[in-house]
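Asker: So I've got this file, my_file-v7.cif, and it contains mmCIF, C-alpha atoms:
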```cif
data_coords
#
loop_
_atom_site.label_atom_id
_atom_site.label_comp_id
_atom_site.auth_asym_id
_atom_site.auth_seq_id
_atom_site.Cartn_x
_atom_site.Cartn_y
_atom_site.Cartn_z
CA MET A 1 23.97 -23.76 62.91
CA LEU A 2 23.28 -26.14 60.05
CA ALA A 3 24.14 -25.33 56.46
CA PRO A 4 21.19 -24.24 54.28
CA ASN A 5 18.94 -27.21 53.37
CA ALA A 6 21.12 -29.58 55.39
CA LEU A 7 19.51 -32.19 57.63
CA PRO A 8 21.09 -33.63 60.79
CA PHE A 9 21.41 -37.15 59.34
CA GLU A 10 23.13 -35.74 56.25
CA GLU A 11 25.62 -33.97 58.48
CA ALA A 12 26.15 -37.17 60.47
CA ASP A 13 26.84 -39.01 57.21
CA LEU A 14 29.49 -36.40 56.45
CA LEU A 15 31.25 -37.11 59.75
CA LEU A 16 30.88 -40.88 59.36
CA GLY A 17 32.49 -40.66 55.93
CA THR A 18 35.75 -39.44 57.45
CA ALA A 19 38.46 -41.74 58.76
CA LEU A 20 38.33 -40.29 62.28
CA PHE A 21 34.62 -41.02 62.75
CA ALA A 22 34.18 -44.09 60.53
CA GLN A 23 33.53 -46.43 63.50
CA VAL A 24 31.18 -44.07 65.35
CA PRO A 25 27.46 -45.03 65.56
CA PRO A 26 25.29 -42.50 63.64
CA ASP A 27 23.30 -41.46 66.71
CA GLU A 28 26.50 -40.63 68.59
CA ALA A 29 27.96 -38.67 65.67
CA ALA A 30 24.70 -36.72 65.41
CA GLN A 31 25.35 -35.25 68.86
CA LEU A 32 28.15 -33.15 67.35
CA ILE A 33 26.02 -31.70 64.54
CA PRO A 34 24.54 -28.69 66.42
CA HIS A 35 28.08 -27.58 67.30
CA MET A 36 29.47 -27.59 63.75
CA GLN A 37 29.92 -24.27 61.97
CA HIS A 38 29.78 -24.03 58.19
CA HIS A 39 31.81 -21.79 55.89
CA THR A 40 32.25 -21.31 52.14
CA TYR A 41 35.44 -20.06 50.46
CA ALA A 42 36.43 -18.73 47.05
CA LYS A 43 39.53 -19.93 45.22
CA GLY A 44 42.68 -18.62 46.89
CA GLU A 45 41.04 -17.83 50.24
CA PHE A 46 42.64 -19.12 53.45
CA ILE A 47 40.74 -21.48 55.73
CA PHE A 48 43.52 -21.03 58.28
CA ARG A 49 47.07 -19.68 58.20
CA GLN A 50 50.40 -21.00 59.39
CA GLY A 51 51.02 -19.66 62.88
CA ASP A 52 47.33 -19.29 63.82
CA THR A 53 46.50 -20.42 67.33
CA ASP A 54 42.87 -21.48 66.95
CA LYS A 55 41.84 -24.96 68.08
CA ARG A 56 39.40 -26.02 65.37
CA MET A 57 39.25 -29.14 63.23
CA TYR A 58 37.76 -29.00 59.73
CA VAL A 59 35.72 -31.43 57.66
CA ILE A 60 35.67 -30.73 53.92
CA GLU A 61 32.12 -30.87 52.57
CA ARG A 62 32.86 -29.86 48.97
CA GLY A 63 35.91 -28.92 46.90
CA ARG A 64 39.66 -29.25 47.38
CA ILE A 65 42.07 -27.58 49.77
CA LYS A 66 45.86 -27.44 49.58
CA LEU A 67 48.10 -27.38 52.63
CA THR A 68 51.18 -25.17 52.26
CA ARG A 69 54.08 -24.21 54.47
CA GLU A 70 56.10 -21.00 54.18
CA SER A 71 59.81 -20.88 55.06
CA ASP A 72 61.55 -18.03 56.87
CA ASP A 73 62.71 -16.68 53.50
CA HIS A 74 59.09 -16.79 52.20
CA ARG A 75 59.41 -19.82 49.93
CA ILE A 76 56.16 -21.80 49.69
CA GLN A 77 56.04 -25.58 49.85
CA LEU A 78 52.93 -27.55 48.87
CA LEU A 79 52.51 -30.34 51.43
CA SER A 80 49.32 -32.11 50.40
CA ILE A 81 45.88 -31.86 48.85
CA SER A 82 42.71 -32.62 50.81
CA ALA A 83 39.30 -33.27 49.26
CA ALA A 84 35.64 -33.73 50.20
CA GLY A 85 35.12 -36.14 53.09
CA GLU A 86 38.59 -35.58 54.53
CA ILE A 87 39.60 -33.93 57.79
CA LEU A 88 42.32 -31.31 58.08
CA GLY A 89 43.76 -29.04 60.74
CA GLU A 90 43.44 -31.63 63.49
CA ILE A 91 46.95 -31.20 64.96
CA PRO A 92 46.15 -28.19 67.21
CA VAL A 93 42.97 -29.92 68.36
CA PHE A 94 44.87 -32.93 69.73
CA ASP A 95 47.94 -30.97 70.84
CA PRO A 96 47.55 -30.28 74.59
CA HIS A 97 49.24 -26.90 74.11
CA GLY A 98 46.92 -25.97 71.24
CA GLY A 99 49.14 -24.76 68.44
CA PRO A 100 50.35 -22.86 66.52
CA ARG A 101 49.32 -24.16 63.11
CA THR A 102 52.17 -25.73 61.19
CA ALA A 103 50.73 -25.01 57.73
CA SER A 104 48.19 -22.91 55.85
CA ALA A 105 45.04 -24.26 54.19
CA VAL A 106 43.99 -22.59 50.92
CA ALA A 107 40.88 -23.20 48.78
CA MET A 108 41.87 -24.56 45.34
CA ILE A 109 38.54 -23.85 43.62
CA ASP A 110 35.53 -21.58 44.09
CA GLY A 111 32.78 -22.80 46.36
CA VAL A 112 34.86 -24.84 48.79
CA SER A 113 32.60 -25.71 51.72
CA ILE A 114 33.83 -26.85 55.13
CA ALA A 115 32.40 -27.57 58.56
CA SER A 116 34.45 -26.85 61.68
CA LEU A 117 34.42 -28.28 65.19
CA ASP A 118 36.25 -26.75 68.15
CA HIS A 119 38.54 -28.48 70.65
CA ASP A 120 36.30 -28.07 73.72
CA THR A 121 33.24 -29.54 72.02
CA LEU A 122 35.15 -32.52 70.61
CA PHE A 123 36.85 -33.40 73.89
CA SER A 124 33.65 -33.02 75.89
CA TRP A 125 32.05 -35.48 73.45
CA LEU A 126 35.03 -37.85 73.74
CA ASN A 127 34.59 -37.91 77.53
CA ASP A 128 31.20 -39.51 76.91
CA HIS A 129 32.54 -41.83 74.18
CA PRO A 130 36.09 -42.74 75.29
CA ARG A 131 36.36 -45.81 73.07
CA VAL A 132 36.17 -43.54 70.01
CA ALA A 133 39.47 -42.01 71.10
CA VAL A 134 41.16 -45.34 70.40
CA ASP A 135 39.88 -45.30 66.80
CA MET A 136 41.12 -41.75 66.41
CA LEU A 137 44.56 -42.74 67.72
CA GLN A 138 44.71 -45.49 65.10
CA VAL A 139 43.89 -43.02 62.34
CA LEU A 140 46.48 -40.52 63.56
CA ALA A 141 49.06 -43.33 63.81
CA ASN A 142 48.34 -44.24 60.19
CA ARG A 143 48.92 -40.62 59.19
CA MET A 144 52.26 -40.71 60.95
CA ARG A 145 53.12 -43.90 59.05
CA LEU A 146 52.27 -42.21 55.74
CA ASN A 147 54.39 -39.20 56.69
CA ASN A 148 57.31 -41.51 57.46
CA GLU A 149 56.81 -43.24 54.10
CA HIS A 150 56.85 -39.86 52.36
CA ILE A 151 60.11 -38.92 54.08
CA SER A 152 61.58 -42.28 53.07
CA ASP A 153 60.52 -41.71 49.45
CA LEU A 154 62.30 -38.34 49.43
CA VAL A 155 65.50 -39.98 50.66
CA PHE A 156 65.56 -43.27 48.75
CA MET A 157 63.39 -42.85 45.62
CA ASP A 158 64.44 -40.97 42.50
CA VAL A 159 62.31 -38.20 40.99
CA PRO A 160 60.63 -40.27 38.23
CA GLY A 161 59.67 -42.86 40.84
CA ARG A 162 58.22 -40.22 43.16
CA LEU A 163 56.39 -38.61 40.25
CA ALA A 164 54.90 -41.96 39.20
CA LYS A 165 53.76 -42.59 42.78
CA THR A 166 52.28 -39.08 43.04
CA LEU A 167 50.34 -39.46 39.78
CA LEU A 168 48.97 -42.82 40.92
CA ASP A 169 47.87 -41.30 44.23
CA LEU A 170 46.14 -38.39 42.46
CA ALA A 171 44.48 -40.86 40.09
CA LYS A 172 43.22 -42.97 42.98
CA ARG A 173 41.71 -39.95 44.71
CA PHE A 174 40.55 -37.74 41.83
CA GLY A 175 40.80 -39.82 38.63
CA LYS A 176 37.89 -40.28 36.24
CA PRO A 177 37.81 -43.25 33.81
CA THR A 178 37.53 -42.27 30.14
CA GLU A 179 37.80 -44.18 26.87
CA ALA A 180 41.38 -43.02 26.47
CA GLY A 181 42.51 -43.68 30.03
CA ILE A 182 42.24 -42.24 33.53
CA ALA A 183 41.77 -38.46 33.47
CA VAL A 184 43.31 -36.82 36.53
CA PRO A 185 42.29 -33.14 36.98
CA HIS A 186 44.88 -31.96 39.50
CA ASP A 187 44.35 -28.14 39.36
CA LEU A 188 48.06 -27.60 40.05
CA THR A 189 50.64 -25.38 38.43
CA GLN A 190 53.87 -27.05 37.33
CA GLU A 191 55.57 -25.46 40.32
CA GLU A 192 52.97 -26.89 42.73
CA LEU A 193 53.18 -30.35 41.17
CA ALA A 194 56.97 -30.18 41.56
CA GLN A 195 56.55 -29.21 45.23
CA LEU A 196 54.21 -32.15 45.77
CA VAL A 197 56.82 -34.49 44.28
CA GLY A 198 59.61 -32.79 46.22
CA THR A 199 61.78 -31.47 43.40
CA SER A 200 62.25 -28.51 41.05
CA ARG A 201 59.82 -27.54 38.29
CA GLU A 202 62.45 -28.24 35.63
CA THR A 203 63.15 -31.72 36.96
CA VAL A 204 59.52 -32.77 37.23
CA ASN A 205 58.80 -31.35 33.77
CA LYS A 206 61.63 -33.47 32.35
CA ALA A 207 60.16 -36.58 33.99
CA LEU A 208 56.67 -35.73 32.69
CA MET A 209 58.08 -35.38 29.17
CA ASP A 210 59.76 -38.78 29.49
CA PHE A 211 56.49 -40.41 30.63
CA THR A 212 54.70 -38.70 27.73
CA ASN A 213 57.26 -39.83 25.15
CA ARG A 214 56.94 -43.39 26.41
CA GLY A 215 53.16 -43.21 25.89
CA TRP A 216 52.34 -43.69 29.55
CA ILE A 217 50.53 -40.35 29.99
CA ALA A 218 49.34 -37.26 28.15
CA ARG A 219 49.13 -33.70 29.48
CA GLN A 220 46.02 -31.61 28.80
CA GLY A 221 46.38 -28.32 30.66
CA ARG A 222 45.95 -29.06 34.36
CA THR A 223 44.72 -32.57 33.65
CA ILE A 224 46.90 -35.62 33.13
CA VAL A 225 45.53 -38.63 31.27
CA ILE A 226 47.12 -41.89 32.37
CA TYR A 227 47.20 -44.41 29.51
CA GLN A 228 49.32 -47.09 31.17
CA PRO A 229 48.93 -47.15 34.96
CA GLY A 230 50.78 -50.46 35.09
CA GLN A 231 53.93 -48.80 33.77
CA LEU A 232 53.66 -46.10 36.44
CA ILE A 233 53.22 -48.76 39.12
CA ARG A 234 56.35 -50.55 37.93
CA ARG A 235 58.29 -47.26 37.80
CA ALA A 236 57.18 -46.34 41.30
CA HIS A 237 58.47 -49.67 42.65
CA ARG A 238 61.74 -49.81 40.77
#
```
Can you dump the structure from the file as structure tokens?
Answerer:
Amino acid sequence: MLAPNALPFEEADLLLGTALFAQVPPDEAAQLIPHMQHHTYAKGEFIFRQGDTDKRMYVIERGRIKLTRESDDHRIQLLSISAAGEILGEIPVFDPHGGPRTASAVAMIDGVSIASLDHDTLFSWLNDHPRVAVDMLQVLANRMRLNNEHISDLVFMDVPGRLAKTLLDLAKRFGKPTEAGIAVPHDLTQEELAQLVGTSRETVNKALMDFTNRGWIARQGRTIVIYQPGQLIRRAHR
């Protein structure tokens, strides 16, 4: 079922805008459109939960979604933020055993819209387009490389360096140029920002204050304005 007022070629454009389907011809991507299901979520609602055993992959049409993982003692860790045009929840789809889900996906704002595609439909389509599977493997390999880089950062990079790198990544993905600098609306609490950096709230707040005192950034609620991105780049590579 298509979303209200959505046309097949618009839905195909949505798929083609994602890394997994970027090399797929539009007419081939369009074959998946009738099988996509559309859902809308309010802020705080779960798209899926850690431990679920469904086999669906999700394409974000609008809004932002955070991936979180809960420990056995119920501590929550923010793993990443996904935005419009990105795919999430693909691990159970490509896992031959199907699951369970290793994290939860939560809507960060009202009106988050996603389209989902199930395992059987995707793999039936891949049987007809086997060369696309190679492109998908390359994308998944790149994700593994990024995960390895993140682990390396946690081991070898200090907190200010990781914070600088995180702010630059958020700016690249969500930043908006202004006269003063790059405004980065991150919609995160201090605790969540600390989790994204991989440290405590107190430690990341201390680093933010240092960047502010140096004139590199300014904090405006849940928006950070970057005045001197070059300084952050140098700090991230120190």
Asker: Given the file shown, determine the residues that the PyMOL selection byres ((chain A and resi 179-194) around 8) selects; report them as a compact mmCIF listing (two decimals) with C-alpha atoms, keeping the file's coordinate frame.
Answerer:
```
# COMPACT_ATOMS: atom_id res chain seq x y z
CA GLN A 77 56.04 -25.58 49.85
CA LEU A 78 52.93 -27.55 48.87
CA MET A 108 41.87 -24.56 45.34
CA LEU A 170 46.14 -38.39 42.46
CA ALA A 171 44.48 -40.86 40.09
CA PHE A 174 40.55 -37.74 41.83
CA GLY A 175 40.80 -39.82 38.63
CA LYS A 176 37.89 -40.28 36.24
CA PRO A 177 37.81 -43.25 33.81
CA THR A 178 37.53 -42.27 30.14
CA GLN A 195 56.55 -29.21 45.23
CA LEU A 196 54.21 -32.15 45.77
CA VAL A 197 56.82 -34.49 44.28
CA GLY A 198 59.61 -32.79 46.22
CA THR A 199 61.78 -31.47 43.40
CA SER A 200 62.25 -28.51 41.05
CA ARG A 201 59.82 -27.54 38.29
CA THR A 203 63.15 -31.72 36.96
CA VAL A 204 59.52 -32.77 37.23
CA ASN A 205 58.80 -31.35 33.77
CA ARG A 222 45.95 -29.06 34.36
CA THR A 223 44.72 -32.57 33.65
CA ILE A 224 46.90 -35.62 33.13
CA VAL A 225 45.53 -38.63 31.27
CA ILE A 226 47.12 -41.89 32.37
CA TYR A 227 47.20 -44.41 29.51
CA GLN A 228 49.32 -47.09 31.17
```
Asker: Could you tell me, as a ChimeraX atom specification, which residues have any atom at most 10 Å from (38.7, -26.9, 75.9), counting only C-alpha atoms?
Answerer: /A:55,93,96,98,118-124
Asker: Determine, counting all atoms listed in the file, which protein, DNA and RNA residues have an atom within 10 Å of an atom of Pro160 (chain A); residues of the same chain fewer than 6 positions away are not included. Present the result as a PDB file with C-alpha atoms, keeping the file's coordinate frame.
Answerer:
```
ATOM      1  CA  THR A 166      52.280 -39.080  43.040  1.00  0.00           C
ATOM      2  CA  VAL A 197      56.820 -34.490  44.280  1.00  0.00           C
ATOM      3  CA  THR A 203      63.150 -31.720  36.960  1.00  0.00           C
ATOM      4  CA  VAL A 204      59.520 -32.770  37.230  1.00  0.00           C
ATOM      5  CA  LYS A 206      61.630 -33.470  32.350  1.00  0.00           C
ATOM      6  CA  ALA A 207      60.160 -36.580  33.990  1.00  0.00           C
ATOM      7  CA  LEU A 208      56.670 -35.730  32.690  1.00  0.00           C
ATOM      8  CA  ASP A 210      59.760 -38.780  29.490  1.00  0.00           C
ATOM      9  CA  PHE A 211      56.490 -40.410  30.630  1.00  0.00           C
ATOM     10  CA  LEU A 232      53.660 -46.100  36.440  1.00  0.00           C
ATOM     11  CA  ARG A 235      58.290 -47.260  37.800  1.00  0.00           C
ATOM     12  CA  ALA A 236      57.180 -46.340  41.300  1.00  0.00           C
ATOM     13  CA  ARG A 238      61.740 -49.810  40.770  1.00  0.00           C
TER      14      ARG A 238
END
```
Asker: Please compute the CA of Gly89 (chain A)-CA of Ser116 (chain A) distance, one decimal, in Å.
Answerer: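 CA of Ser116 (chain A) lies at a distance of 9.6 Å from CA of Gly89 (chain A).
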Asker: Take CA of Leu117 (chain A) and CA of Leu15 (chain A) and report the distance between them in Å, one decimal.
Answerer: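 These two atoms are separated by 10.8 Å.
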Asker: Hey, can you check how far CA of Leu20 (chain A) sits from CA of Met136 (chain A)?
Answerer: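 Answer for the CA of Leu20 (chain A) to CA of Met136 (chain A) separation: 5.2 Å.
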Asker: Could you check the closest approach to Ala141 (chain A) for each of A:Ala19, A:Pro100, A:Val155, A:Pro26 and tell me which residue wins, using only C-alpha atoms?
Answerer: A:Ala19
Asker: For the point (34.3, -14.2, 44.2) in file coordinates, what residues are within 8 Å, counting all atoms listed in the file? Give the answer as a list of chain:residue names?
Answerer: A:Ala42, A:Lys43, A:Asp110
Asker: Which residues are close to region 59-64 of chain A, i.e. within 12 Å by all atoms listed in the file, leaving aside same-chain residues fewer than 6 positions away? Reply as a count of residues only.
Answerer: 57
Asker: Tell me, as number ranges by chain, which residues lie within 12 Å of His129 (chain A), counting all atoms listed in the file; anything in the same chain fewer than 3 positions away does not count.
Answerer: A: 21, 23-25, 27-29, 31-32, 122-126, 132-136
Asker: Just checking: using only C-alpha atoms, which residue out of A:Leu137, A:Ala164, A:Ala218, A:Met209 ends up closest to Arg234 (chain A)?
Answerer: A:Ala164
Asker: Take every atom of region 50-56 of chain A listed in the file, pad by 5 Å on each side, and give me the axis-aligned box centre and edge lengths in Å, one decimal, as lines of an AutoDock Vina configuration file.
Answerer:
```
center_x = 45.2
center_y = -22.7
center_z = 63.7
size_x = 21.6
size_y = 16.7
size_z = 18.7
```
Asker: Find the residues around His237 (chain A) up to 9 Å (only C-alpha atoms counted), leave out those fewer than 5 positions away in its own chain, and share them as a list in words.
Answerer: Met157, Gly161, Lys165 and Leu232 of chain A
Asker: Could I get region 86-105 of chain A rebuilt with N, CA and C atoms, written as a compact mmCIF listing (two decimals), keeping the file's coordinate frame?
Answerer:
```txt
# COMPACT_ATOMS: atom_id res chain seq x y z
N GLU A 86 37.36 -35.46 53.75
CA GLU A 86 38.59 -35.58 54.53
C GLU A 86 38.62 -34.53 55.65
N ILE A 87 39.42 -34.83 56.66
CA ILE A 87 39.60 -33.93 57.79
C ILE A 87 40.96 -33.27 57.69
N LEU A 88 41.03 -31.99 58.05
CA LEU A 88 42.32 -31.31 58.08
C LEU A 88 42.36 -30.38 59.28
N GLY A 89 43.58 -29.98 59.64
CA GLY A 89 43.76 -29.04 60.74
C GLY A 89 43.57 -29.65 62.11
N GLU A 90 43.73 -30.98 62.21
CA GLU A 90 43.44 -31.63 63.49
C GLU A 90 44.59 -31.53 64.49
N ILE A 91 45.80 -31.19 64.06
CA ILE A 91 46.95 -31.20 64.96
C ILE A 91 46.75 -30.30 66.18
N PRO A 92 46.35 -29.02 66.02
CA PRO A 92 46.15 -28.19 67.21
C PRO A 92 45.03 -28.68 68.12
N VAL A 93 44.08 -29.42 67.55
CA VAL A 93 42.97 -29.92 68.36
C VAL A 93 43.46 -30.98 69.34
N PHE A 94 44.39 -31.84 68.89
CA PHE A 94 44.87 -32.93 69.73
C PHE A 94 46.16 -32.58 70.46
N ASP A 95 46.75 -31.43 70.14
CA ASP A 95 47.94 -30.97 70.84
C ASP A 95 47.51 -30.34 72.16
N PRO A 96 48.00 -30.83 73.30
CA PRO A 96 47.55 -30.28 74.59
C PRO A 96 47.89 -28.81 74.76
N HIS A 97 48.87 -28.31 74.01
CA HIS A 97 49.24 -26.90 74.11
C HIS A 97 48.52 -26.05 73.06
N GLY A 98 47.82 -26.70 72.13
CA GLY A 98 46.92 -25.97 71.24
C GLY A 98 47.46 -25.45 69.94
N GLY A 99 48.71 -25.34 69.72
CA GLY A 99 49.14 -24.76 68.44
C GLY A 99 50.57 -24.31 68.52
N PRO A 100 51.08 -23.49 67.63
CA PRO A 100 50.35 -22.86 66.52
C PRO A 100 50.22 -23.80 65.32
N ARG A 101 49.48 -23.36 64.32
CA ARG A 101 49.32 -24.16 63.11
C ARG A 101 50.64 -24.27 62.36
N THR A 102 50.91 -25.47 61.87
CA THR A 102 52.17 -25.73 61.19
C THR A 102 52.10 -25.51 59.69
N ALA A 103 50.90 -25.21 59.16
CA ALA A 103 50.73 -25.01 57.73
C ALA A 103 49.51 -24.13 57.49
N SER A 104 49.36 -23.68 56.26
CA SER A 104 48.19 -22.91 55.85
C SER A 104 47.31 -23.77 54.97
N ALA A 105 46.00 -23.55 55.03
CA ALA A 105 45.04 -24.26 54.19
C ALA A 105 44.39 -23.26 53.25
```
